[in-house]
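**Student:** Provided herewith: model.cif, mmCIF, C-alpha atoms.
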```
data_upload
loop_
_atom_site.label_atom_id
_atom_site.label_comp_id
_atom_site.auth_asym_id
_atom_site.auth_seq_id
_atom_site.Cartn_x
_atom_site.Cartn_y
_atom_site.Cartn_z
CA MET A 1 256.86 192.42 174.02
CA THR A 2 257.02 188.61 173.97
CA ASP A 3 259.30 186.48 176.11
CA ALA A 4 261.34 185.50 173.05
CA HIS A 5 262.15 189.15 172.25
CA LEU A 6 263.00 189.96 175.85
CA VAL A 7 265.17 186.86 176.14
CA ALA A 8 267.00 187.73 172.90
CA ARG A 9 267.73 191.21 174.23
CA ALA A 10 268.75 189.87 177.65
CA GLN A 11 271.15 187.47 175.91
CA LYS A 12 272.96 190.52 174.56
CA GLY A 13 273.37 191.81 178.13
CA ASP A 14 270.32 194.11 178.19
CA VAL A 15 269.52 194.38 181.91
CA PRO A 16 266.21 196.32 181.54
CA ALA A 17 264.88 193.61 179.19
CA PHE A 18 265.73 190.96 181.76
CA GLU A 19 264.12 193.05 184.50
CA GLU A 20 260.95 193.08 182.41
CA LEU A 21 261.04 189.27 182.55
CA VAL A 22 261.69 189.45 186.30
CA ARG A 23 258.61 191.63 186.83
CA LYS A 24 256.55 189.19 184.77
CA TYR A 25 257.57 186.06 186.66
CA GLN A 26 258.68 187.24 190.11
CA ARG A 27 255.38 186.30 191.74
CA ASP A 28 255.37 182.82 190.20
CA VAL A 29 258.97 182.12 191.21
CA TYR A 30 258.48 183.51 194.70
CA GLY A 31 255.28 181.46 195.15
CA LEU A 32 257.04 178.33 193.98
CA ALA A 33 259.95 178.92 196.37
CA CYS A 34 257.52 179.61 199.23
CA ARG A 35 255.78 176.30 198.69
CA MET A 36 259.08 174.47 198.39
CA VAL A 37 260.91 175.80 201.46
CA LEU A 38 257.90 177.03 203.52
CA ASP A 39 259.86 180.06 204.67
CA ALA A 40 259.05 183.52 203.32
CA GLU A 41 262.45 185.10 203.93
CA GLU A 42 264.36 182.21 202.37
CA ALA A 43 261.90 182.13 199.47
CA ARG A 44 262.72 185.77 198.73
CA ASP A 45 266.46 185.08 198.68
CA LEU A 46 265.99 181.95 196.59
CA ALA A 47 263.83 183.78 194.06
CA GLN A 48 266.50 186.47 193.71
CA GLN A 49 269.19 183.84 193.39
CA ALA A 50 267.18 182.02 190.72
CA PHE A 51 266.80 185.21 188.66
CA LEU A 52 270.49 185.97 189.04
CA GLN A 53 271.45 182.48 187.88
CA ALA A 54 269.03 182.79 184.97
CA PHE A 55 270.67 186.07 183.94
CA ILE A 56 274.18 184.63 184.15
CA TYR A 57 273.28 181.56 182.10
CA ILE A 58 270.75 183.14 179.73
CA ARG A 59 273.23 182.90 176.85
CA ASP A 60 272.97 179.11 177.14
CA PHE A 61 269.17 179.22 176.82
CA ARG A 62 268.37 178.21 173.25
CA GLN A 63 264.65 178.95 173.35
CA GLN A 64 263.78 175.31 172.64
CA ALA A 65 261.64 175.29 175.79
CA GLN A 66 259.57 178.09 177.25
CA PHE A 67 261.50 180.65 179.24
CA ARG A 68 259.04 180.13 182.09
CA THR A 69 259.72 176.40 182.44
CA TRP A 70 263.47 177.00 182.16
CA LEU A 71 263.22 179.60 184.94
CA PHE A 72 261.16 177.23 187.10
CA ARG A 73 263.81 174.57 186.64
CA ILE A 74 266.49 176.95 187.91
CA ALA A 75 264.29 177.98 190.86
CA ILE A 76 263.52 174.36 191.76
CA ASN A 77 267.22 173.48 191.67
CA GLN A 78 267.98 176.40 193.96
CA CYS A 79 265.31 175.15 196.36
CA TYR A 80 266.63 171.58 196.24
CA ASN A 81 270.13 172.83 197.07
CA PHE A 82 268.79 174.94 199.92
CA LEU A 83 266.78 172.04 201.36
CA LYS A 84 269.77 169.73 201.06
CA ASN A 85 271.94 172.20 202.97
CA ARG A 86 269.23 172.72 205.57
CA LYS A 87 269.06 168.97 206.13
CA LYS A 88 272.84 168.86 206.44
CA PHE A 89 273.49 171.93 208.59
CA GLY A 90 270.12 172.38 210.31
CA GLU A 91 267.61 175.23 210.41
CA PRO A 92 269.13 178.73 210.11
CA MET A 93 268.81 180.89 213.25
CA ASP A 94 266.88 183.67 211.51
CA SER A 95 264.36 181.46 209.69
CA GLN A 96 260.93 183.00 209.44
CA ASP A 97 257.63 181.21 208.98
CA MET A 98 255.51 182.06 206.01
CA HIS A 99 253.04 184.89 206.25
CA LEU A 100 249.96 182.85 206.79
CA VAL A 101 247.47 185.56 205.91
CA ALA A 102 247.73 187.83 202.90
CA ASP A 103 248.49 191.43 203.85
CA ASP A 104 245.55 192.77 201.87
CA SER A 105 242.87 190.50 203.37
CA PRO A 106 242.75 190.91 207.15
CA GLU A 107 238.99 190.29 207.16
CA HIS A 108 239.50 186.60 206.49
CA GLY A 109 240.52 186.29 210.08
CA LEU A 110 241.27 183.31 212.19
CA LEU A 111 239.63 180.66 210.03
CA GLU A 112 241.73 181.66 207.04
CA GLU A 113 244.88 181.62 209.17
CA GLU A 114 243.98 178.21 210.53
CA ASN A 115 243.38 176.84 207.02
CA ARG A 116 246.70 178.15 205.78
CA ARG A 117 248.45 176.64 208.79
CA ARG A 118 246.85 173.29 208.05
CA LEU A 119 247.91 173.54 204.44
CA GLN A 120 251.48 174.40 205.43
CA THR A 121 251.60 171.46 207.86
CA ALA A 122 250.24 169.17 205.15
CA PHE A 123 252.85 170.44 202.69
CA GLN A 124 255.58 169.61 205.20
CA LYS A 125 254.52 165.97 204.94
CA LEU A 126 255.17 165.90 201.20
CA SER A 127 258.48 165.01 199.64
CA GLU A 128 260.36 167.78 197.81
CA LYS A 129 259.36 166.40 194.42
CA GLN A 130 255.72 166.06 195.41
CA ARG A 131 255.67 169.65 196.65
CA ALA A 132 257.12 170.79 193.37
CA VAL A 133 254.66 168.73 191.30
CA VAL A 134 251.59 169.95 193.19
CA THR A 135 252.70 173.58 193.04
CA LEU A 136 253.54 173.46 189.36
CA LYS A 137 250.31 171.65 188.49
CA VAL A 138 247.77 173.40 190.68
CA GLU A 139 249.22 176.88 191.15
CA GLN A 140 251.25 177.39 187.96
CA GLY A 141 248.94 175.41 185.70
CA LEU A 142 251.65 173.35 183.99
CA ASN A 143 250.73 170.03 182.36
CA TYR A 144 252.60 166.78 183.09
CA GLU A 145 254.83 167.17 180.04
CA GLU A 146 255.96 170.62 181.16
CA ILE A 147 256.39 169.42 184.73
CA SER A 148 258.64 166.62 183.48
CA GLN A 149 260.72 169.25 181.63
CA VAL A 150 261.10 171.24 184.83
CA LEU A 151 261.79 168.36 187.20
CA GLY A 152 263.36 165.82 184.89
CA GLY A 153 261.95 162.30 184.56
CA SER A 154 258.89 161.36 182.58
CA ALA A 155 255.38 162.74 182.41
CA GLY A 156 254.15 159.43 183.88
CA ALA A 157 256.40 159.87 186.91
CA ALA A 158 255.04 163.38 187.40
CA ARG A 159 251.49 161.99 187.25
CA VAL A 160 252.27 159.35 189.88
CA ASN A 161 253.90 161.94 192.14
CA TYR A 162 250.88 164.22 191.76
CA CYS A 163 248.49 161.41 192.64
CA GLN A 164 250.53 160.43 195.72
CA ALA A 165 250.78 164.06 196.79
CA LEU A 166 247.00 164.55 196.60
CA LYS A 167 246.49 161.45 198.73
CA THR A 168 248.97 162.69 201.34
CA LEU A 169 247.39 166.14 201.39
CA ARG A 170 243.93 164.64 201.74
CA LYS A 171 245.11 162.60 204.70
CA HIS A 172 246.63 165.60 206.51
CA LEU A 173 243.97 168.16 205.63
CA LYS A 174 241.19 166.19 207.30
CA PRO A 175 239.83 168.05 210.35
CA GLU A 176 241.44 167.02 213.62
CA ASP A 177 239.24 165.57 216.34
CA ASN A 178 241.93 163.86 218.38
CA HIS A 179 240.92 165.73 221.55
CA ASP A 180 237.48 164.16 221.57
CA VAL A 181 239.00 160.74 221.14
CA ALA A 182 241.35 161.29 224.07
CA LEU A 183 238.52 162.41 226.33
CA ARG A 184 236.40 159.45 225.35
CA ALA A 185 239.24 157.05 226.07
CA TYR A 186 239.60 158.25 229.65
CA PRO A 187 236.08 159.19 230.78
CA ALA A 188 236.84 159.20 234.53
CA MET A 189 239.83 161.48 234.15
CA ALA A 190 237.85 163.73 231.81
CA ALA A 191 235.12 164.05 234.40
CA ARG A 192 237.68 164.88 237.13
CA VAL A 193 239.27 167.54 234.93
CA SER A 194 235.91 169.08 234.09
CA ARG A 195 234.93 169.20 237.84
CA ARG A 196 238.11 171.16 238.61
CA MET B 1 238.28 147.79 197.54
CA THR B 2 238.43 145.77 194.35
CA TRP B 3 241.16 145.84 191.74
CA ARG B 4 238.76 147.82 189.56
CA CYS B 5 238.45 150.50 192.23
CA GLU B 6 242.25 150.74 192.48
CA LEU B 7 242.49 151.22 188.74
CA ILE B 8 239.75 153.84 188.64
CA GLN B 9 241.21 155.74 191.61
CA ARG B 10 244.53 155.95 189.82
CA TRP B 11 242.79 157.83 187.03
CA LEU B 12 240.79 160.18 189.26
CA PRO B 13 243.27 163.13 189.29
CA GLU B 14 243.35 163.08 185.50
CA TYR B 15 239.57 162.73 185.39
CA LEU B 16 239.31 165.87 187.51
CA ASP B 17 241.72 167.72 185.19
CA GLY B 18 239.76 166.59 182.13
CA ASP B 19 242.92 164.97 180.75
CA LEU B 20 241.42 161.50 180.46
CA GLY B 21 240.68 160.07 177.01
CA PHE B 22 237.12 159.43 175.88
CA PHE B 23 236.95 155.70 176.63
CA ARG B 24 238.66 155.91 180.03
CA ARG B 25 236.42 158.81 181.00
CA ARG B 26 233.38 156.72 180.09
CA ARG B 27 234.71 153.82 182.19
CA VAL B 28 235.37 156.08 185.17
CA GLU B 29 231.93 157.64 184.94
CA ALA B 30 230.25 154.23 184.64
CA HIS B 31 232.18 152.96 187.68
CA LEU B 32 231.43 156.07 189.73
CA GLY B 33 227.76 155.55 189.06
CA THR B 34 227.85 152.22 190.89
CA CYS B 35 230.69 152.53 193.46
CA PRO B 36 230.16 154.73 196.55
CA VAL B 37 233.78 154.22 197.71
CA CYS B 38 235.21 155.73 194.54
CA ARG B 39 232.60 158.50 194.60
CA GLN B 40 233.79 159.36 198.10
CA GLU B 41 237.39 159.28 196.89
CA LEU B 42 236.54 161.63 194.03
CA ALA B 43 234.73 164.01 196.38
CA GLU B 44 237.75 164.11 198.70
CA PHE B 45 240.17 164.76 195.83
CA THR B 46 237.91 167.57 194.65
CA GLN B 47 237.86 169.04 198.15
CA VAL B 48 241.67 168.95 198.37
CA LEU B 49 242.06 170.68 195.00
CA GLU B 50 239.49 173.32 195.89
CA PHE B 51 241.22 173.87 199.21
CA LEU B 52 244.57 174.31 197.46
CA LYS B 53 243.12 176.73 194.92
CA ALA B 54 241.34 178.68 197.64
CA HIS B 55 244.56 179.16 199.61
CA PRO B 56 247.33 180.23 197.27
CA VAL B 57 250.61 181.56 198.65
CA ALA B 58 249.98 184.92 200.29
CA LEU B 59 251.90 187.23 197.99
CA PRO B 60 253.53 190.29 199.54
CA THR B 61 252.45 193.84 198.71
CA GLU B 62 253.99 196.33 196.24
CA PRO B 63 256.69 197.77 198.58
CA PHE B 64 258.12 194.27 198.91
CA TRP B 65 258.39 193.91 195.13
CA ALA B 66 259.92 197.37 194.78
CA GLU B 67 262.61 196.41 197.29
CA PHE B 68 263.00 193.01 195.63
CA GLY B 69 263.53 194.69 192.24
CA ARG B 70 266.04 197.20 193.64
CA GLU B 71 268.16 194.53 195.29
CA LEU B 72 268.06 192.32 192.23
CA HIS B 73 268.93 195.24 189.95
CA LEU B 74 272.19 195.80 191.86
CA LYS B 75 273.07 192.12 191.58
CA LEU B 76 272.26 192.02 187.87
CA VAL B 77 274.36 195.10 187.11
CA GLN B 78 277.24 193.58 189.06
CA ALA B 79 276.86 190.28 187.17
CA ASN B 80 276.71 192.13 183.86
CA GLN B 81 280.02 193.86 184.56
CA THR B 82 281.94 190.63 185.04
CA PRO B 83 283.41 189.32 181.78
CA ALA B 84 281.07 187.25 179.71
CA ARG B 85 281.28 183.61 180.63
CA GLY B 86 281.13 182.52 176.99
CA ARG B 87 284.12 184.56 175.95
CA ALA B 88 286.11 183.43 178.97
CA GLN B 89 285.26 179.84 178.13
CA ILE B 90 286.49 180.22 174.54
CA PHE B 91 289.75 181.64 175.86
CA TYR B 92 290.18 178.61 178.13
CA TYR B 93 289.39 176.22 175.28
CA LEU B 94 291.95 177.95 173.03
CA LEU B 95 294.55 177.78 175.79
CA ALA B 96 293.82 174.17 176.60
CA GLY B 97 295.14 172.79 173.25
CA PRO B 98 298.70 174.12 173.45
CA VAL B 99 298.90 173.24 177.16
CA VAL B 100 297.94 169.63 176.47
CA VAL B 101 300.43 169.35 173.58
CA GLY B 102 303.18 170.85 175.76
CA LEU B 103 302.48 168.40 178.56
CA LEU B 104 302.54 165.49 176.12
CA LEU B 105 305.87 166.59 174.65
CA MET B 106 307.33 167.00 178.11
CA GLY B 107 306.07 163.55 178.95
CA LEU B 108 307.73 162.11 175.89
CA GLY B 109 311.00 163.84 176.72
CA TYR B 110 311.09 166.26 173.81
CA LEU B 111 310.77 169.29 175.97
CA GLY B 112 311.68 170.26 179.44
CA GLN B 113 314.88 168.24 179.77
CA PRO B 114 317.48 170.93 180.28
CA GLN B 115 320.88 170.31 178.74
CA LYS B 116 322.92 169.40 181.79
CA PRO B 117 326.69 169.77 181.61
CA VAL B 118 328.22 166.38 181.15
CA LEU B 119 330.32 165.67 184.19
CA PRO B 120 332.74 162.78 184.42
CA GLN B 121 331.09 159.93 186.16
CA LEU B 122 333.73 158.57 188.41
CA ALA B 123 333.72 155.13 189.82
CA PRO B 124 333.47 154.70 193.59
CA ALA B 125 336.57 155.78 195.48
CA GLU B 126 337.52 152.27 196.62
CA GLN B 127 337.47 150.97 193.08
CA VAL B 128 339.82 153.73 191.87
CA VAL B 129 342.20 153.14 194.80
CA TYR B 130 342.33 149.37 194.26
CA ALA B 131 342.75 149.87 190.52
CA GLY B 132 345.80 152.06 191.25
CA LEU B 133 347.17 149.41 193.61
CA ASP B 134 346.76 146.72 190.95
CA ASP B 135 348.55 148.85 188.39
CA GLY B 136 351.35 149.62 190.78
CA LEU B 137 350.73 153.34 190.76
CA TRP B 138 351.04 153.25 194.53
CA GLN B 139 351.93 150.60 197.03
CA ASP B 140 349.96 149.42 200.08
CA GLU B 141 348.94 152.36 202.26
CA GLU B 142 350.72 154.74 199.97
CA PHE B 143 347.73 155.89 198.07
CA PRO B 144 347.49 159.64 198.48
CA SER B 145 343.87 160.26 199.48
CA TRP B 146 340.29 159.06 199.33
CA ASP B 147 339.55 162.26 197.43
CA ILE B 148 339.38 160.80 193.93
CA ASN B 149 339.46 164.09 192.11
CA ALA B 150 342.64 165.08 193.96
CA VAL B 151 344.21 161.68 193.21
CA LEU B 152 343.36 161.91 189.52
CA ALA B 153 344.64 165.48 189.33
CA ASP B 154 348.04 164.38 190.66
CA LEU B 155 348.40 161.68 187.99
CA SER B 156 349.84 162.17 184.57
CA ASP B 157 347.52 161.94 181.57
CA GLN B 158 348.70 158.45 180.75
CA GLU B 159 348.29 157.21 184.29
CA ARG B 160 344.86 158.84 184.62
CA GLU B 161 343.78 157.20 181.39
CA ALA B 162 345.00 153.83 182.59
CA VAL B 163 343.17 154.13 185.90
CA LEU B 164 339.94 155.25 184.28
CA LYS B 165 340.16 152.47 181.76
CA LYS B 166 340.74 149.99 184.54
CA VAL B 167 337.62 151.09 186.46
CA GLY B 168 335.63 150.89 183.24
CA TYR B 169 334.97 154.58 182.70
#
```
Show me this structure written as structure tokens.
**Tutor:**
Amino acid sequence: MTDAHLVARAQKGDVPAFEELVRKYQRDVYGLACRMVLDAEEARDLAQQAFLQAFIYIRDFRQQAQFRTWLFRIAINQCYNFLKNRKKFGEPMDSQDMHLVADDSPEHGLLEEENRRRLQTAFQKLSEKQRAVVTLKVEQGLNYEEISQVLGGSAGAARVNYCQALKTLRKHLKPEDNHDVALRAYPAMAARVSRR
Amino acid sequence: MTWRCELIQRWLPEYLDGDLGFFRRRRVEAHLGTCPVCRQELAEFTQVLEFLKAHPVALPTEPFWAEFGRELHLKLVQANQTPARGRAQIFYYLLAGPVVVGLLLMGLGYLGQPQKPVLPQLAPAEQVVYAGLDDGLWQDEEFPSWDINAVLADLSDQEREAVLKKVGY
């Protein structure tokens, strides 16, 4: 059944039809929230909240845009509100870092974990809008026009944000070799430390 | 880095996506053929995108989604039981008209002014006493009381009328 049919049924208060939509998009919305807030537990709550808001306001959805982009817009707004509150009131006590390794791929091991940690650190350096643009473009496959529908603003602004985000990520994903630099700067001390 | 490199580098993300038009793509390709700096930039952008695609968000397993669906189902059912927002809104819109008209009428004085019993507005006590003195109803220090109602009650109709007329009532 297409999104349009499911949405039409959900607009009449059909919960199973809406749950069909939830099952279809729950991974996308959760992934988006994870990238935005970088906290798995909060991402779960935010995804649920986004679906709940979508259900409450689904009668206002006129099917002029895709249901998916409309849902992403709701999810992004939830994330913005959460981040705003976190800035205002500080980190919650029970915040939980993202699962850095997928549960079904333990064989990837330490290198995979390290890469994901680097990616998470690099994402922390991005602004909220840049995080959203990169996630929507690279992971959800939206074009600039669709991104502008989700985030507001123009397609050109989305393009600029994407470009800036890639530059920032490139800067922070470069391998770290600061330790070598530190040792080279103080050769005598390095020698003393190594003798001990 | 020349101004040309800056321009070309601005187009690199779109070049990677294949979103660039024919002529711009040709320009980028021609420039990349001669400029090692921009080639390096392109290689780094490609690496970042490949890195991002190789490390998507680690999605949880099926039990997580089952629990997610169960919790959300409860919330959805609860939300579905509350009265429809649309209908409630229409009710408020229908109610808003009469309320606004009522407030306007009250503001203009057509409504809401209760019919108060008309009480005699007496002049201040001193004025009544001095008016009586002037008319010779009582002499100095003979006036009966500062209680005007009591004084007026003791007077005859004619005298009361004269006093009230005198004080301009």
**Student:** Using only C-alpha atoms for the distances, tell me which of B:Trp11, B:Trp65, B:Phe23, B:Trp3 is nearest to A:Val160.
**Tutor:**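 Checking each of B:Trp11, B:Trp65, B:Phe23, B:Trp3 against A:Val160, counting only C-alpha atoms, the winner is B:Trp11.
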**Student:** Quick one: residues within 12 Å of stretch 10-21 of chain A, all atoms listed in the file counted, chain neighbours fewer than 4 positions away excluded, as a PyMOL selection string?
**Tutor:** (chain A and resi 1-6+25-29+48+51-63+67-68+71) or (chain B and resi 66+68-86)
**Student:** What do you get, as a VMD selection string, if you spell out every residue that the PyMOL selection byres ((chain B and resi 53) around 12) selects here?
**Tutor:** (chain A and resid 116 119 134 to 135 137 to 141) or (chain B and resid 46 to 52 54 to 58)
**Student:** Hey, can you check how far atom CA of A:Asp39 sits from atom CA of A:Gln130?
**Tutor:**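 It comes out at 17.3 Å.
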**Student:** What does the distance between atom CA of A:Tyr30 and atom CA of A:Ala43 come to in Å, to one decimal place?
**Tutor:** 6.0 Å
**Student:** In Å, with one decimal, what is the gap from atom CA of B:Asp135 to atom CA of B:Asn149?
**Tutor:**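 For atom CA of B:Asp135 relative to atom CA of B:Asn149, the distance reads 18.1 Å.
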**Student:** Care to translate the PyMOL selection byres ((chain A and resi 35) around 8) into actual residues of this file, as a list in words?
**Tutor:**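 After applying the PyMOL selection byres ((chain A and resi 35) around 8), what remains is Gly31, Leu32, Ala33, Cys34, Met36, Val37, Leu38, Phe123, Arg131, Ala132 and Thr135 of chain A; Val57 of chain B.
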**Student:** A:Ala157: which residues within 10 Å, counting all atoms listed in the file, same-chain residues fewer than 4 positions away excluded, as a list in words?
**Tutor:**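 Contacts, in chain order: Tyr144, Ile147, Ser148, Gly152, Gly153, Asn161, Tyr162 and Cys163 of chain A.
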**Student:** Measuring atom to atom with all atoms listed in the file, identify which of A:Arg23, A:Arg118, A:Lys129, A:Lys171 is nearest to A:Cys79.
**Tutor:**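 Under the stated criterion, the closest residue is A:Lys129.
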